[in-house]
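Q: structure09.tsv (TSV, C-alpha atoms) pasted underneath:
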chain	number	residue	atom	x	y	z
A	1	MET	CA	-46.52	33.20	-52.08
A	2	GLY	CA	-48.68	30.20	-51.37
A	3	ILE	CA	-45.73	27.83	-51.68
A	4	LEU	CA	-43.64	29.94	-49.32
A	5	ASP	CA	-46.47	30.02	-46.82
A	6	ASN	CA	-46.72	26.25	-46.97
A	7	VAL	CA	-42.97	25.88	-46.39
A	8	LYS	CA	-43.06	28.29	-43.44
A	9	GLY	CA	-46.06	26.50	-42.00
A	10	ALA	CA	-44.38	23.11	-42.27
A	11	ALA	CA	-41.24	24.50	-40.60
A	12	ASN	CA	-43.24	25.99	-37.77
A	13	ARG	CA	-45.10	22.73	-37.24
A	14	GLY	CA	-41.80	20.83	-37.18
A	15	THR	CA	-40.36	23.22	-34.61
A	16	ALA	CA	-43.45	22.94	-32.46
A	17	THR	CA	-43.34	19.14	-32.65
A	18	ALA	CA	-39.68	19.06	-31.62
A	19	GLY	CA	-40.38	21.45	-28.74
A	20	ARG	CA	-43.25	19.30	-27.49
A	21	ALA	CA	-41.07	16.16	-27.69
A	22	ALA	CA	-38.32	17.81	-25.66
A	23	GLU	CA	-40.81	19.04	-23.09
A	24	ARG	CA	-42.40	15.58	-22.88
A	25	LEU	CA	-38.98	13.99	-22.25
A	26	LYS	CA	-38.21	16.56	-19.55
A	27	ILE	CA	-41.53	15.98	-17.81
A	28	ASN	CA	-41.18	12.17	-17.99
A	29	THR	CA	-37.70	12.43	-16.45
A	30	GLN	CA	-39.09	14.61	-13.68
A	31	LEU	CA	-41.93	12.14	-13.06
A	32	SER	CA	-39.45	9.24	-12.83
A	33	ASP	CA	-37.39	11.12	-10.30
A	34	LEU	CA	-40.48	11.96	-8.26
A	35	GLU	CA	-41.59	8.32	-8.31
A	36	ARG	CA	-38.19	7.16	-7.14
A	37	ARG	CA	-38.17	9.69	-4.31
A	38	ARG	CA	-41.74	8.75	-3.34
A	39	LYS	CA	-40.86	5.06	-3.13
A	40	GLY	CA	-37.89	5.85	-0.94
A	41	LEU	CA	-39.97	7.97	1.41
A	42	ALA	CA	-42.72	5.35	1.51
A	43	ALA	CA	-40.15	2.69	2.37
A	44	GLN	CA	-38.81	4.82	5.21
A	45	LEU	CA	-42.34	5.46	6.48
A	46	GLY	CA	-43.18	1.77	6.25
A	47	ALA	CA	-40.05	0.79	8.17
A	48	ALA	CA	-40.81	3.37	10.86
A	49	LEU	CA	-44.43	2.20	11.14
A	50	TYR	CA	-43.31	-1.43	11.36
A	51	VAL	CA	-40.94	-0.69	14.24
A	52	ALA	CA	-43.64	1.34	16.03
A	53	THR	CA	-46.45	-1.22	15.56
A	54	LYS	CA	-44.84	-4.68	15.37
A	55	ASP	CA	-45.48	-5.35	19.07
A	56	ASP	CA	-49.03	-3.96	18.99
A	57	PRO	CA	-51.59	-6.77	18.45
A	58	ALA	CA	-54.04	-4.24	17.07
A	59	PHE	CA	-51.76	-3.91	14.03
A	60	SER	CA	-49.62	-7.06	13.88
A	61	GLY	CA	-52.54	-9.38	14.65
A	62	GLY	CA	-54.97	-7.97	12.13
A	63	GLU	CA	-55.27	-8.31	8.38
A	64	GLN	CA	-51.57	-7.48	7.97
A	65	LYS	CA	-50.43	-10.31	10.27
A	66	SER	CA	-48.80	-12.27	7.45
A	67	LEU	CA	-46.78	-9.22	6.40
A	68	TYR	CA	-45.58	-8.60	9.94
A	69	GLU	CA	-44.59	-12.25	10.31
A	70	ALA	CA	-42.74	-12.24	6.96
A	71	ILE	CA	-40.82	-9.10	7.92
A	72	GLY	CA	-39.98	-10.66	11.30
A	73	ARG	CA	-38.56	-13.75	9.58
A	74	CYS	CA	-36.45	-11.55	7.31
A	75	ASP	CA	-35.09	-9.69	10.32
A	76	ALA	CA	-34.22	-13.00	12.05
A	77	GLU	CA	-32.42	-14.33	8.97
A	78	ARG	CA	-30.62	-11.04	8.56
A	79	ALA	CA	-29.37	-11.22	12.16
A	80	VAL	CA	-28.03	-14.74	11.52
A	81	CYS	CA	-26.21	-13.56	8.40
A	82	GLN	CA	-24.70	-10.60	10.23
A	83	LYS	CA	-23.53	-12.84	13.07
A	84	ARG	CA	-21.81	-15.13	10.58
A	85	LEU	CA	-20.10	-12.15	8.92
A	86	ASP	CA	-18.85	-11.00	12.33
A	87	GLN	CA	-17.43	-14.49	12.97
A	88	ILE	CA	-15.65	-14.47	9.60
A	89	ASP	CA	-14.15	-11.04	10.31
A	90	ALA	CA	-12.97	-12.20	13.75
A	91	ALA	CA	-11.37	-15.32	12.24
A	92	GLU	CA	-9.53	-13.23	9.65
A	93	ARG	CA	-8.20	-10.88	12.33
A	94	ALA	CA	-7.05	-13.84	14.44
A	95	GLN	CA	-5.32	-15.42	11.44
A	96	ALA	CA	-3.54	-12.15	10.68
A	97	LEU	CA	-2.27	-11.96	14.27
A	98	GLU	CA	-1.18	-15.60	14.16
A	99	ALA	CA	0.84	-14.96	11.01
A	100	LYS	CA	2.58	-11.94	12.53
A	101	THR	CA	5.53	-13.14	14.59
A	102	PHE	CA	8.51	-11.71	16.44
A	103	THR	CA	11.61	-13.08	18.15
A	104	CYS	CA	11.81	-13.22	21.94
A	105	VAL	CA	14.61	-10.91	23.04
A	106	LEU	CA	15.41	-13.17	26.01
A	107	CYS	CA	15.78	-16.61	24.43
A	108	GLY	CA	15.34	-16.16	20.68
A	109	SER	CA	12.18	-18.25	20.37
A	110	GLN	CA	9.58	-17.31	17.79
A	111	MET	CA	6.31	-15.89	19.14
A	112	SER	CA	3.07	-14.84	17.50
A	113	GLU	CA	1.20	-11.66	18.31
A	114	ARG	CA	-1.47	-13.75	20.05
A	115	ASP	CA	0.97	-15.41	22.46
A	116	LEU	CA	0.79	-14.15	26.04
A	117	PHE	CA	3.99	-15.93	27.10
A	118	CYS	CA	7.12	-17.20	25.38
A	119	SER	CA	7.13	-20.97	24.94
A	120	GLY	CA	10.93	-20.99	25.19
A	121	CYS	CA	11.59	-19.12	28.44
A	122	GLY	CA	8.15	-18.38	29.84
A	123	ALA	CA	8.60	-14.61	29.78
A	124	SER	CA	5.51	-12.49	29.30
A	125	ALA	CA	4.90	-11.11	25.84
A	126	ASP	CA	5.62	-7.58	27.06
A	127	LYS	CA	9.11	-8.58	28.26
A	128	ALA	CA	9.81	-10.81	25.26
A	129	ARG	CA	8.75	-8.28	22.66
A	130	PRO	CA	11.58	-6.25	21.05
A	131	ALA	CA	11.59	-2.59	21.96
A	132	LEU	CA	10.25	-0.40	19.22
A	133	SER	CA	12.78	1.89	17.64
A	134	VAL	CA	11.42	5.40	17.85
A	135	PRO	CA	12.72	7.57	15.02
A	136	LYS	CA	14.41	10.79	16.01
A	137	THR	CA	12.07	13.71	15.72
A	138	THR	CA	13.26	16.46	13.45
A	139	ILE	CA	12.69	19.73	15.21
A	140	SER	CA	14.70	22.23	13.16
A	141	ALA	CA	17.17	22.78	10.40
A	142	CYS	CA	20.89	23.33	10.51
A	143	PRO	CA	21.55	27.11	10.62
A	144	ASN	CA	24.65	26.62	8.49
A	145	CYS	CA	23.39	24.50	5.57
A	146	GLY	CA	19.64	24.13	6.17
A	147	ALA	CA	19.67	20.33	6.43
A	148	ALA	CA	17.13	18.71	8.76
A	149	VAL	CA	18.45	17.89	12.23
A	150	GLY	CA	17.03	16.06	15.24
A	151	LYS	CA	16.53	17.33	18.74
A	152	ASP	CA	19.36	15.17	20.14
A	153	ASP	CA	21.88	15.87	17.36
A	154	LEU	CA	25.12	17.48	18.54
A	155	PHE	CA	26.22	18.45	15.05
A	156	CYS	CA	24.86	18.52	11.52
A	157	PHE	CA	25.54	15.27	9.67
A	158	ASP	CA	25.66	17.13	6.36
A	159	CYS	CA	28.17	19.91	7.07
A	160	GLY	CA	29.49	19.17	10.57
A	161	PHE	CA	28.17	22.41	12.07
A	162	ARG	CA	27.94	22.16	15.87
A	163	LEU	CA	24.30	22.42	16.98
A	164	ALA	CA	24.79	22.27	20.77
A	165	ALA	CA	27.65	23.59	22.84
A	166	PRO	CA	29.53	20.80	24.66
A	167	ALA	CA	29.69	20.73	28.45
A	168	ASN	CA	33.35	21.77	28.57
A	169	GLU	CA	33.03	24.59	26.03
A	170	GLY	CA	36.11	26.79	25.91
A	171	LYS	CA	38.75	24.14	26.55
A	172	ALA	CA	41.50	23.91	24.02
A	173	ASN	CA	42.23	20.80	22.01
A	174	LEU	CA	44.76	19.02	24.20
A	175	PRO	CA	47.96	17.46	22.82
A	176	SER	CA	48.73	13.88	23.74
A	177	SER	CA	52.06	12.11	23.31
A	178	ASP	CA	52.33	8.78	21.51
A	179	SER	CA	53.09	5.74	23.61
A	180	ASP	CA	56.57	5.45	22.06
A	181	GLY	CA	57.51	8.97	23.17
A	182	GLY	CA	57.54	10.22	19.60
A	183	GLU	CA	55.41	12.82	17.92
A	184	MET	CA	52.60	14.48	19.86
A	185	GLN	CA	49.05	14.21	18.54
A	186	LEU	CA	46.11	16.48	19.25
A	187	VAL	CA	43.01	14.94	20.80
A	188	CYS	CA	39.51	16.31	21.14
A	189	SER	CA	38.94	17.95	24.52
A	190	ASP	CA	35.36	16.66	24.60
A	191	CYS	CA	35.75	12.95	23.91
A	192	GLY	CA	39.52	12.37	23.93
A	193	GLU	CA	39.58	10.93	20.41
A	194	PRO	CA	42.53	11.92	18.17
A	195	PHE	CA	41.98	13.94	15.02
A	196	GLU	CA	44.04	14.73	11.97
A	197	GLU	CA	45.61	18.07	11.15
A	198	GLY	CA	43.22	20.28	9.22
A	199	ASP	CA	40.04	18.58	10.54
A	200	ALA	CA	37.25	21.10	10.98
A	201	PHE	CA	35.36	19.04	13.53
A	202	CYS	CA	35.76	15.87	15.58
A	203	MET	CA	34.45	12.86	13.69
A	204	HIS	CA	33.60	11.13	16.96
A	205	CYS	CA	31.53	13.69	18.89
A	206	GLY	CA	31.12	16.54	16.39
A	207	ARG	CA	32.94	19.25	18.32
A	208	ALA	CA	34.13	22.06	16.08
A	209	LEU	CA	37.93	22.22	16.12
A	210	ALA	CA	39.37	25.72	16.47
A	211	VAL	CA	41.52	27.00	13.63
A	212	GLY	CA	45.20	26.68	14.48
A	213	HIS	CA	44.64	23.85	16.94
A	214	GLY	CA	45.10	21.24	14.27
A	215	ASP	CA	48.89	21.48	14.36
A	216	LYS	CA	50.69	18.53	15.82
A	217	ALA	CA	53.19	19.38	18.59
A	218	ALA	CA	56.55	17.74	18.67
A	219	ALA	CA	57.56	15.90	21.84
A	220	GLU	CA	60.36	17.34	23.84
Turn this file's structure into structure tokens for me.

A:
Amino acid sequence: MGILDNVKGAANRGTATAGRAAERLKINTQLSDLERRRKGLAAQLGAALYVATKDDPAFSGGEQKSLYEAIGRCDAERAVCQKRLDQIDAAERAQALEAKTFTCVLCGSQMSERDLFCSGCGASADKARPALSVPKTTISACPNCGAAVGKDDLFCFDCGFRLAAPANEGKANLPSSDSDGGEMQLVCSDCGEPFEEGDAFCMHCGRALAVGHGDKAAAE
């Protein structure tokens, strides 16, 4: 029994030692975090006190005068560095604009984005600049096939379905005779372009062609 008691006692002591080591590590980690937070708060307080007292001779002219002067020199050097960084950024932006060019729409001369006037014809940059191509805004889908369509589309480019009724809705497809007096050919009543027999819609303006109107009529 004495041996077993010794073994149990050694095990308990080992467990206690391990527990104390883990607790010590946890506390040391907590202390490090508290110290870091305290330094940050002290730095903020010091910065706030410096701003509030730097122009007060009672503080800046006393025993801490050298510290106030050293901080003032750091602030002055920091302002110089920041000014230089701003100059570098401005130079990079100017270089980027200089490298970006476009062609004058009036005379074809090359212009940079910084140019106010065209060196070739003297036109202002606004007049010389090419008009931006605005993409057509998709506002809905074709009710026939579901493909995306734009607000100005007259017909679906995927299936030919007419999206907007033409101004002369209801007119028949009109026959037109060939110039040699031969066979008649049907033409679209909207745009006047000829179409082939069996066409479901006009390939020029998109008008749906009525069934039975695709037959060619013979000239008298």

Q: May I have the protein, DNA and RNA residues with any atom at most 8 Å from the point (37.5, 14.3, 22.2), counting all atoms listed in the file, written as a PDB file with C-alpha atoms, in the frame of the given file?

A:
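Result file is selection.pdb:
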ATOM      1  CA  VAL A 187      43.010  14.940  20.800  1.00  0.00           C
ATOM      2  CA  CYS A 188      39.510  16.310  21.140  1.00  0.00           C
ATOM      3  CA  SER A 189      38.940  17.950  24.520  1.00  0.00           C
ATOM      4  CA  ASP A 190      35.360  16.660  24.600  1.00  0.00           C
ATOM      5  CA  CYS A 191      35.750  12.950  23.910  1.00  0.00           C
ATOM      6  CA  GLY A 192      39.520  12.370  23.930  1.00  0.00           C
ATOM      7  CA  GLU A 193      39.580  10.930  20.410  1.00  0.00           C
ATOM      8  CA  PRO A 194      42.530  11.920  18.170  1.00  0.00           C
ATOM      9  CA  CYS A 202      35.760  15.870  15.580  1.00  0.00           C
ATOM     10  CA  HIS A 204      33.600  11.130  16.960  1.00  0.00           C
ATOM     11  CA  CYS A 205      31.530  13.690  18.890  1.00  0.00           C
ATOM     12  CA  ARG A 207      32.940  19.250  18.320  1.00  0.00           C
TER      13      ARG A 207
END

Q: When you look at Lys100 of chain A with a cut-off of 8 Å (counting all atoms listed in the file), what residues show up, excluding the ones that are within fewer than 2 positions of it in the same chain? I need them as a list in words.

A: Ala96, Leu97, Glu98, Phe102, Ser112 and Glu113 of chain A

Q: What does the distance from atom CA of Arg129 of chain A to atom CA of Cys104 of chain A come to in Å, to one decimal?

A: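 So the two atoms, atom CA of Arg129 of chain A and atom CA of Cys104 of chain A, lie 5.9 Å apart.
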
Q: Distance atom CA of Cys145 of chain A-atom CA of Asp199 of chain A, one decimal place?

A: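 Taking atom CA of Cys145 of chain A and atom CA of Asp199 of chain A, their separation equals 18.4 Å.
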
Q: Given the choices A:Cys121, A:Leu41, A:Glu69, A:Phe201, which gets closest to Asp55 of chain A if the distance is worked out from all atoms listed in the file?

A: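 Nearest candidate to Asp55 of chain A out of A:Cys121, A:Leu41, A:Glu69, A:Phe201: A:Glu69.
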
Q: As an exercise, work out the distance from atom CA of Asp56 of chain A to atom CA of Lys39 of chain A in Å and give it to one decimal place.

A: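 Those two atoms sit 25.2 Å apart.
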
Q: Taking all atoms listed in the file into account, name the residue in A:Ala47, A:Ala125, A:Leu85, A:Ile27 that is nearest to Tyr68 of chain A.

A: A:Ala47

Q: From the set A:Cys142, A:Cys118, A:Ala128, A:Ile88, which residue has the shortest atom-to-atom contact distance to Val105 of chain A, counting only C-alpha atoms?

A: A:Ala128
